[in-house]
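Shown here: query18.tsv, TSV, C-alpha atoms.
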```
chain	number	residue	atom	x	y	z
A	1	ASP	CA	-12.34	0.97	-9.22
A	2	SER	CA	-11.26	2.48	-5.90
A	3	GLY	CA	-12.52	5.97	-6.74
A	4	VAL	CA	-9.01	7.41	-6.45
A	5	THR	CA	-7.66	8.82	-9.70
A	6	GLN	CA	-4.08	9.55	-10.66
A	7	THR	CA	-2.61	11.26	-13.69
A	8	PRO	CA	-0.62	10.72	-15.73
A	9	LYS	CA	-0.47	6.93	-15.90
A	10	HIS	CA	3.00	6.94	-17.41
A	11	LEU	CA	5.72	9.56	-17.42
A	12	ILE	CA	9.09	9.38	-19.13
A	13	THR	CA	11.56	12.15	-18.54
A	14	ALA	CA	15.27	12.88	-18.32
A	15	THR	CA	17.60	13.30	-15.39
A	16	GLY	CA	17.58	16.77	-13.90
A	17	GLN	CA	14.00	17.46	-14.92
A	18	ARG	CA	10.98	18.23	-12.76
A	19	VAL	CA	7.58	16.51	-12.90
A	20	THR	CA	4.24	16.83	-11.16
A	21	LEU	CA	2.02	13.88	-10.33
A	22	ARG	CA	-1.63	14.47	-9.58
A	23	CYS	CA	-4.08	12.62	-7.37
A	24	SER	CA	-7.78	13.05	-6.74
A	25	PRO	CA	-9.06	11.25	-3.65
A	26	ARG	CA	-12.37	9.43	-3.30
A	27	SER	CA	-15.33	11.74	-3.00
A	28	GLY	CA	-15.50	12.96	0.60
A	29	ASP	CA	-12.12	11.66	1.69
A	30	LEU	CA	-10.01	14.27	3.43
A	31	SER	CA	-6.73	12.37	3.70
A	32	VAL	CA	-4.27	11.77	0.89
A	33	TYR	CA	-1.16	9.62	1.21
A	34	TRP	CA	1.70	9.25	-1.26
A	35	TYR	CA	3.75	6.07	-1.57
A	36	GLN	CA	6.68	5.06	-3.75
A	37	GLN	CA	7.24	1.54	-5.00
A	38	SER	CA	10.62	0.80	-6.49
A	39	LEU	CA	11.32	-2.39	-8.41
A	40	ASP	CA	10.37	-5.50	-6.41
A	41	GLN	CA	10.01	-3.52	-3.23
A	42	GLY	CA	7.12	-2.82	-0.95
A	43	LEU	CA	5.38	0.52	-0.93
A	44	GLN	CA	7.32	3.18	0.96
A	45	PHE	CA	5.34	5.93	2.65
A	46	LEU	CA	6.30	9.42	1.51
A	47	ILE	CA	3.85	11.95	2.95
A	48	HIS	CA	0.32	12.38	4.35
A	49	TYR	CA	-1.98	15.36	3.95
A	50	TYR	CA	-5.25	15.88	5.75
A	51	ASN	CA	-7.65	18.58	4.59
A	52	GLY	CA	-4.87	20.68	3.14
A	53	GLU	CA	-2.39	20.30	5.96
A	54	GLU	CA	0.70	18.13	6.09
A	55	ARG	CA	0.26	15.49	8.80
A	56	ALA	CA	3.22	13.17	8.49
A	57	LYS	CA	6.38	12.71	6.50
A	58	GLY	CA	8.14	9.50	5.72
A	59	ASN	CA	11.36	8.94	3.82
A	60	ILE	CA	10.69	11.73	1.37
A	61	LEU	CA	13.67	13.33	-0.30
A	62	GLU	CA	14.19	17.07	-0.05
A	63	ARG	CA	13.89	17.20	-3.86
A	64	PHE	CA	10.30	16.00	-3.48
A	65	SER	CA	7.41	18.10	-2.23
A	66	ALA	CA	3.67	17.79	-2.09
A	67	GLN	CA	0.59	19.82	-1.40
A	68	GLN	CA	-3.14	19.34	-1.05
A	69	PHE	CA	-5.43	21.94	-2.53
A	70	PRO	CA	-8.79	23.29	-1.26
A	71	ASP	CA	-10.65	20.90	-3.57
A	72	LEU	CA	-8.68	18.10	-1.82
A	73	HIS	CA	-6.73	16.95	-4.84
A	74	SER	CA	-3.02	16.57	-4.24
A	75	GLU	CA	0.15	17.00	-6.27
A	76	LEU	CA	3.54	15.43	-5.75
A	77	ASN	CA	6.40	17.42	-7.22
A	78	LEU	CA	9.65	15.67	-8.01
A	79	SER	CA	12.61	17.82	-9.03
A	80	SER	CA	16.23	17.35	-10.07
A	81	LEU	CA	15.26	13.84	-11.07
A	82	GLU	CA	17.76	11.01	-10.83
A	83	LEU	CA	17.74	7.55	-12.38
A	84	GLY	CA	16.93	6.09	-8.98
A	85	ASP	CA	13.67	8.02	-8.84
A	86	SER	CA	12.21	5.70	-11.44
A	87	ALA	CA	9.37	3.95	-9.66
A	88	LEU	CA	5.64	3.59	-9.30
A	89	TYR	CA	4.06	6.38	-7.31
A	90	PHE	CA	0.73	5.66	-5.67
A	91	CYS	CA	-1.62	7.87	-3.82
A	92	ALA	CA	-4.28	6.64	-1.43
A	93	SER	CA	-7.13	8.24	0.40
A	94	THR	CA	-9.24	7.52	3.42
A	95	ALA	CA	-11.96	9.26	5.36
A	96	ARG	CA	-11.29	10.11	8.97
A	97	GLY	CA	-13.12	7.82	11.33
A	98	GLU	CA	-13.94	5.20	8.75
A	99	GLY	CA	-11.36	2.75	9.84
A	100	ASN	CA	-7.85	2.24	8.78
A	101	GLU	CA	-8.21	1.05	5.22
A	102	GLN	CA	-6.57	3.20	2.60
A	103	PHE	CA	-7.85	3.07	-0.96
A	104	PHE	CA	-5.25	3.31	-3.67
A	105	GLY	CA	-5.22	4.87	-7.09
A	106	PRO	CA	-3.82	3.06	-10.15
A	107	GLY	CA	-0.44	4.73	-9.80
A	108	THR	CA	1.90	6.74	-12.01
A	109	ARG	CA	4.87	4.93	-13.49
A	110	LEU	CA	7.80	7.33	-13.66
A	111	THR	CA	10.78	6.46	-15.83
A	112	VAL	CA	13.84	8.68	-15.63
A	113	LEU	CA	16.29	8.21	-18.50
B	114	ASP	CA	15.09	-1.81	9.04
B	115	GLN	CA	12.24	-3.83	7.57
B	116	GLN	CA	9.47	-3.71	10.16
B	117	VAL	CA	7.11	-5.85	8.10
B	118	LYS	CA	8.52	-8.90	6.39
B	119	GLN	CA	7.13	-11.28	3.85
B	120	ASN	CA	9.82	-13.88	3.54
B	121	SER	CA	8.30	-15.83	0.68
B	122	PRO	CA	8.60	-13.88	-2.57
B	123	SER	CA	6.42	-16.37	-4.40
B	124	LEU	CA	3.92	-19.15	-3.85
B	125	SER	CA	2.37	-21.58	-6.29
B	126	VAL	CA	-0.88	-23.37	-5.41
B	127	GLN	CA	-3.25	-25.63	-7.28
B	128	GLU	CA	-6.79	-24.41	-7.88
B	129	GLY	CA	-9.15	-25.51	-5.14
B	130	ARG	CA	-6.41	-25.88	-2.54
B	131	ILE	CA	-5.59	-23.57	0.34
B	132	SER	CA	-3.17	-20.68	-0.12
B	133	ILE	CA	-1.36	-19.51	3.00
B	134	LEU	CA	0.57	-16.26	2.86
B	135	ASN	CA	2.70	-15.28	5.82
B	136	CYS	CA	3.84	-12.00	7.30
B	137	ASP	CA	6.05	-11.17	10.28
B	138	TYR	CA	6.48	-7.85	12.02
B	139	THR	CA	8.86	-6.44	14.56
B	140	ASN	CA	7.17	-3.32	15.93
B	141	SER	CA	5.09	-3.98	19.05
B	142	MET	CA	3.27	-0.68	18.52
B	143	PHE	CA	1.45	-2.01	15.45
B	144	ASP	CA	-2.21	-2.43	16.28
B	145	TYR	CA	-3.87	-2.85	12.89
B	146	PHE	CA	-2.94	-5.08	10.01
B	147	LEU	CA	-4.14	-5.19	6.43
B	148	TRP	CA	-3.77	-7.33	3.35
B	149	TYR	CA	-3.79	-5.84	-0.11
B	150	LYS	CA	-3.89	-7.59	-3.45
B	151	LYS	CA	-2.18	-6.08	-6.47
B	152	TYR	CA	-2.57	-6.95	-10.13
B	153	PRO	CA	-0.04	-5.70	-12.70
B	154	ALA	CA	-0.59	-2.11	-13.81
B	155	GLU	CA	-3.14	-1.52	-11.05
B	156	GLY	CA	-3.00	-0.03	-7.59
B	157	PRO	CA	-3.22	-2.21	-4.48
B	158	THR	CA	-6.75	-3.27	-3.60
B	159	PHE	CA	-7.79	-3.66	0.02
B	160	LEU	CA	-8.63	-7.25	0.85
B	161	ILE	CA	-9.08	-7.80	4.57
B	162	SER	CA	-7.86	-6.39	7.86
B	163	ILE	CA	-7.57	-7.29	11.52
B	164	SER	CA	-7.27	-5.32	14.72
B	165	SER	CA	-4.76	-6.38	17.35
B	166	ILE	CA	-7.61	-7.08	19.79
B	167	LYS	CA	-8.68	-10.00	17.60
B	168	ASP	CA	-6.91	-13.13	16.50
B	169	LYS	CA	-9.04	-13.97	13.49
B	170	ASN	CA	-11.10	-12.19	10.89
B	171	GLU	CA	-12.98	-13.89	8.09
B	172	ASP	CA	-14.50	-12.58	4.88
B	173	GLY	CA	-15.76	-15.17	2.46
B	174	ARG	CA	-12.84	-17.21	1.16
B	175	PHE	CA	-10.33	-15.02	2.97
B	176	THR	CA	-9.31	-15.40	6.61
B	177	VAL	CA	-6.57	-13.52	8.42
B	178	PHE	CA	-5.00	-14.91	11.58
B	179	LEU	CA	-2.98	-12.84	14.02
B	180	ASN	CA	-0.54	-14.27	16.56
B	181	LYS	CA	0.61	-11.30	18.60
B	182	SER	CA	3.03	-13.21	20.79
B	183	ALA	CA	4.84	-14.43	17.70
B	184	LYS	CA	4.35	-11.13	15.84
B	185	HIS	CA	3.01	-13.12	12.94
B	186	LEU	CA	-0.02	-12.95	10.72
B	187	SER	CA	-1.20	-15.08	7.88
B	188	LEU	CA	-3.76	-14.88	5.12
B	189	HIS	CA	-5.63	-18.03	4.17
B	190	ILE	CA	-7.47	-18.29	0.88
B	191	VAL	CA	-9.82	-21.27	0.57
B	192	PRO	CA	-10.47	-22.46	-2.03
B	193	SER	CA	-7.88	-20.79	-4.22
B	194	GLN	CA	-8.98	-19.68	-7.67
B	195	PRO	CA	-6.97	-18.69	-10.75
B	196	GLY	CA	-8.27	-15.11	-10.36
B	197	ASP	CA	-6.47	-14.94	-7.02
B	198	SER	CA	-3.15	-14.91	-8.87
B	199	ALA	CA	-1.62	-11.57	-7.89
B	200	VAL	CA	0.93	-10.02	-5.56
B	201	TYR	CA	-0.23	-9.87	-1.95
B	202	PHE	CA	1.09	-7.20	0.39
B	203	CYS	CA	0.86	-7.27	4.14
B	204	ALA	CA	0.70	-3.83	5.81
B	205	ALA	CA	0.65	-2.59	9.38
B	206	LYS	CA	0.01	0.62	11.25
B	207	SER	CA	0.32	1.79	14.81
B	208	TYR	CA	-2.36	3.62	16.78
B	209	ASN	CA	-0.57	6.98	16.71
B	210	THR	CA	-0.01	7.25	12.98
B	211	ASP	CA	-1.98	6.84	9.78
B	212	LYS	CA	0.85	5.69	7.58
B	213	LEU	CA	0.98	2.08	6.46
B	214	ILE	CA	4.18	0.04	6.61
B	215	PHE	CA	4.23	-2.51	3.81
B	216	GLY	CA	6.00	-5.79	3.35
B	217	THR	CA	7.73	-6.56	0.05
B	218	GLY	CA	4.90	-8.75	-1.19
B	219	THR	CA	4.33	-12.39	-2.11
B	220	ARG	CA	3.47	-13.34	-5.66
B	221	LEU	CA	0.73	-15.98	-5.63
B	222	GLN	CA	0.13	-18.12	-8.66
B	223	VAL	CA	-2.91	-20.39	-8.71
B	224	PHE	CA	-2.72	-22.98	-11.45
B	225	PRO	CA	-5.51	-25.25	-12.77
```
Using the file provided, produce a representation of the structure as structure tokens.
Amino acid sequence: DSGVTQTPKHLITATGQRVTLRCSPRSGDLSVYWYQQSLDQGLQFLIHYYNGEERAKGNILERFSAQQFPDLHSELNLSSLELGDSALYFCASTARGEGNEQFFGPGTRLTVL
Amino acid sequence: DQQVKQNSPSLSVQEGRISILNCDYTNSMFDYFLWYKKYPAEGPTFLISISSIKDKNEDGRFTVFLNKSAKHLSLHIVPSQPGDSAVYFCAAKSYNTDKLIFGTGTRLQVFP
């Protein structure tokens, strides 16, 4: 158990809908990262938040947005969903100054029908 | 452009033998490399890492080798055990960013 939690574990929805994925980092970690893993692909970096502020953006679609709250949990919002958004979404956390290892949650499997 | 490449999608090794997983990268700015192991329905689990100032790092049965001139790293597992059967991802980061760039993974199967 990495200490990073994600909910829900599975999500099935229809095209055009909007969903919210939630992540709670390890206790004390200030950074949260979101990654997307499509079928048989590596993890693709989406966005990084540090202590409530956006730090870096990757290949994140404009239909996607994220935020990190004062209690350090983070939410990834996906809107106007398309079939191609079906993927595993992982969040990871790390503490500043503790090295470069990121610790991943179990992921949310999103299926868009 | 795939900056981190794992050219072998799968590898099958007998229990007790050595498993060697390979990873190539193209970005000279990468200065830290990590290996993650992933079981089905779970998130990636950190395994071992290496800084670009080193050429070898060892942790129990796991050793990572880095060849900077060839932009190549490898993960050695000795001896391999059936519980090592998983997908292994190589990842890299550069000094000026926290994001990890992942390869596409190698599925390792260790058979008795």
- line: For Gly58 of chain A, the closest of A:Glu75, A:Ala87, A:Gly42, A:Gln36 counting only C-alpha atoms is A:Gln36
Could the residues of chain B that have an atom at most 12 Å from chain A be listed as a Markdown table, each with its closest atom pair and the distance in Å to one decimal, counting all atoms listed in the file and ordered by chain and ascending residue number?
```
| residue | atom | partner | partner_atom | distance |
| --- | --- | --- | --- | --- |
| B:Gln115 | CA | A:Gly42 | CA | 10.0 |
| B:Gln116 | CA | A:Gly42 | CA | 11.4 |
| B:Val117 | CA | A:Gly42 | CA | 9.5 |
| B:Lys118 | CA | A:Gly42 | CA | 9.6 |
| B:Gln119 | CA | A:Gly42 | CA | 9.7 |
| B:Pro122 | CA | A:Asp40 | CA | 9.4 |
| B:Ser123 | CA | A:Asp40 | CA | 11.7 |
| B:Asp144 | CA | A:Asn100 | CA | 10.5 |
| B:Tyr145 | CA | A:Asn100 | CA | 7.7 |
| B:Phe146 | CA | A:Asn100 | CA | 8.9 |
| B:Leu147 | CA | A:Glu101 | CA | 7.5 |
| B:Trp148 | CA | A:Glu101 | CA | 9.7 |
| B:Tyr149 | CA | A:Glu101 | CA | 9.8 |
| B:Lys150 | CA | A:Phe104 | CA | 11.0 |
| B:Lys151 | CA | A:Pro106 | CA | 10.0 |
| B:Tyr152 | CA | A:Pro106 | CA | 10.1 |
| B:Pro153 | CA | A:Pro106 | CA | 9.9 |
| B:Ala154 | CA | A:Pro106 | CA | 7.1 |
| B:Glu155 | CA | A:Pro106 | CA | 4.7 |
| B:Gly156 | CA | A:Pro106 | CA | 4.1 |
| B:Pro157 | CA | A:Phe104 | CA | 5.9 |
| B:Thr158 | CA | A:Phe104 | CA | 6.7 |
| B:Phe159 | CA | A:Phe103 | CA | 6.8 |
| B:Leu160 | CA | A:Glu101 | CA | 9.4 |
| B:Ile161 | CA | A:Glu101 | CA | 8.9 |
| B:Ser162 | CA | A:Glu101 | CA | 7.9 |
| B:Ile163 | CA | A:Asn100 | CA | 9.9 |
| B:Ser164 | CA | A:Asn100 | CA | 9.6 |
| B:Val200 | CA | A:Asp40 | CA | 10.5 |
| B:Tyr201 | CA | A:Gly42 | CA | 10.2 |
| B:Phe202 | CA | A:Gly42 | CA | 7.6 |
| B:Cys203 | CA | A:Gly42 | CA | 9.2 |
| B:Ala204 | CA | A:Leu43 | CA | 9.3 |
| B:Ala205 | CA | A:Asn100 | CA | 9.8 |
| B:Lys206 | CA | A:Asn100 | CA | 8.4 |
| B:Ser207 | CA | A:Asn100 | CA | 10.2 |
| B:Tyr208 | CA | A:Asn100 | CA | 9.8 |
| B:Asn209 | CA | A:Ala56 | CA | 11.0 |
| B:Thr210 | CA | A:Ala56 | CA | 8.1 |
| B:Asp211 | CA | A:Asn100 | CA | 7.5 |
| B:Lys212 | CA | A:Phe45 | CA | 6.7 |
| B:Leu213 | CA | A:Phe45 | CA | 7.0 |
| B:Ile214 | CA | A:Gln44 | CA | 7.2 |
| B:Phe215 | CA | A:Gly42 | CA | 5.6 |
| B:Gly216 | CA | A:Gly42 | CA | 5.3 |
| B:Thr217 | CA | A:Gly42 | CA | 3.9 |
| B:Gly218 | CA | A:Gly42 | CA | 6.3 |
| B:Thr219 | CA | A:Gly42 | CA | 10.0 |
| B:Arg220 | CA | A:Asp40 | CA | 10.5 |
```
message: Between atom CA of Ile12 of chain A and atom CA of Leu72 of chain A, what is the distance in Å, rounded to a tenth?
response: 26.3 Å
- prompt: Which protein, DNA or RNA residues have an atom at most 10 Å from (-8.8, -11.6, 18.5), counting only C-alpha atoms? List them as JSON, numbers by chain.
  reply: {"B": [163, 164, 165, 166, 167, 168, 169, 170, 178, 179, 180, 181]}
I'd like the box whose edges run along x, y and z of the file and which contains every listed atom of segment 155-174 of chain B, padded by 5 Å per side; could you state its centre and edge lengths in Å, one decimal, as JSON?
```
{"center_x": -9.4, "center_y": -8.6, "center_z": 4.4, "size_x": 22.8, "size_y": 27.2, "size_z": 40.8}
```
Separation of atom CA of Glu62 of chain A from atom CA of Leu110 of chain A, in Å and rounded to one decimal: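 Distance reported for this atom pair: 17.9 Å.
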Point-to-point distance from atom CA of Tyr50 of chain A to atom CA of Pro70 of chain A, Å rounded to tenths: 10.8 Å
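Shortest separation to Arg130 of chain B among B:Thr176, B:Ser193, B:Ser182, B:Ser198 occurs at residue B:Ser193, atoms counted being all atoms listed in the file.
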- request: Give me the residues within 6 Å of segment 79-81 of chain A as a list in words, counting only C-alpha atoms and dropping any in the same chain fewer than 6 places off.
  value: Thr15, Gly16, Gln17, Arg18 and Arg63 of chain A
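Proximity to Cys136 of chain B was assessed for B:Gly196, B:Pro225, B:His185, B:Glu171 counting all atoms listed in the file; the smallest distance is recorded for B:His185.
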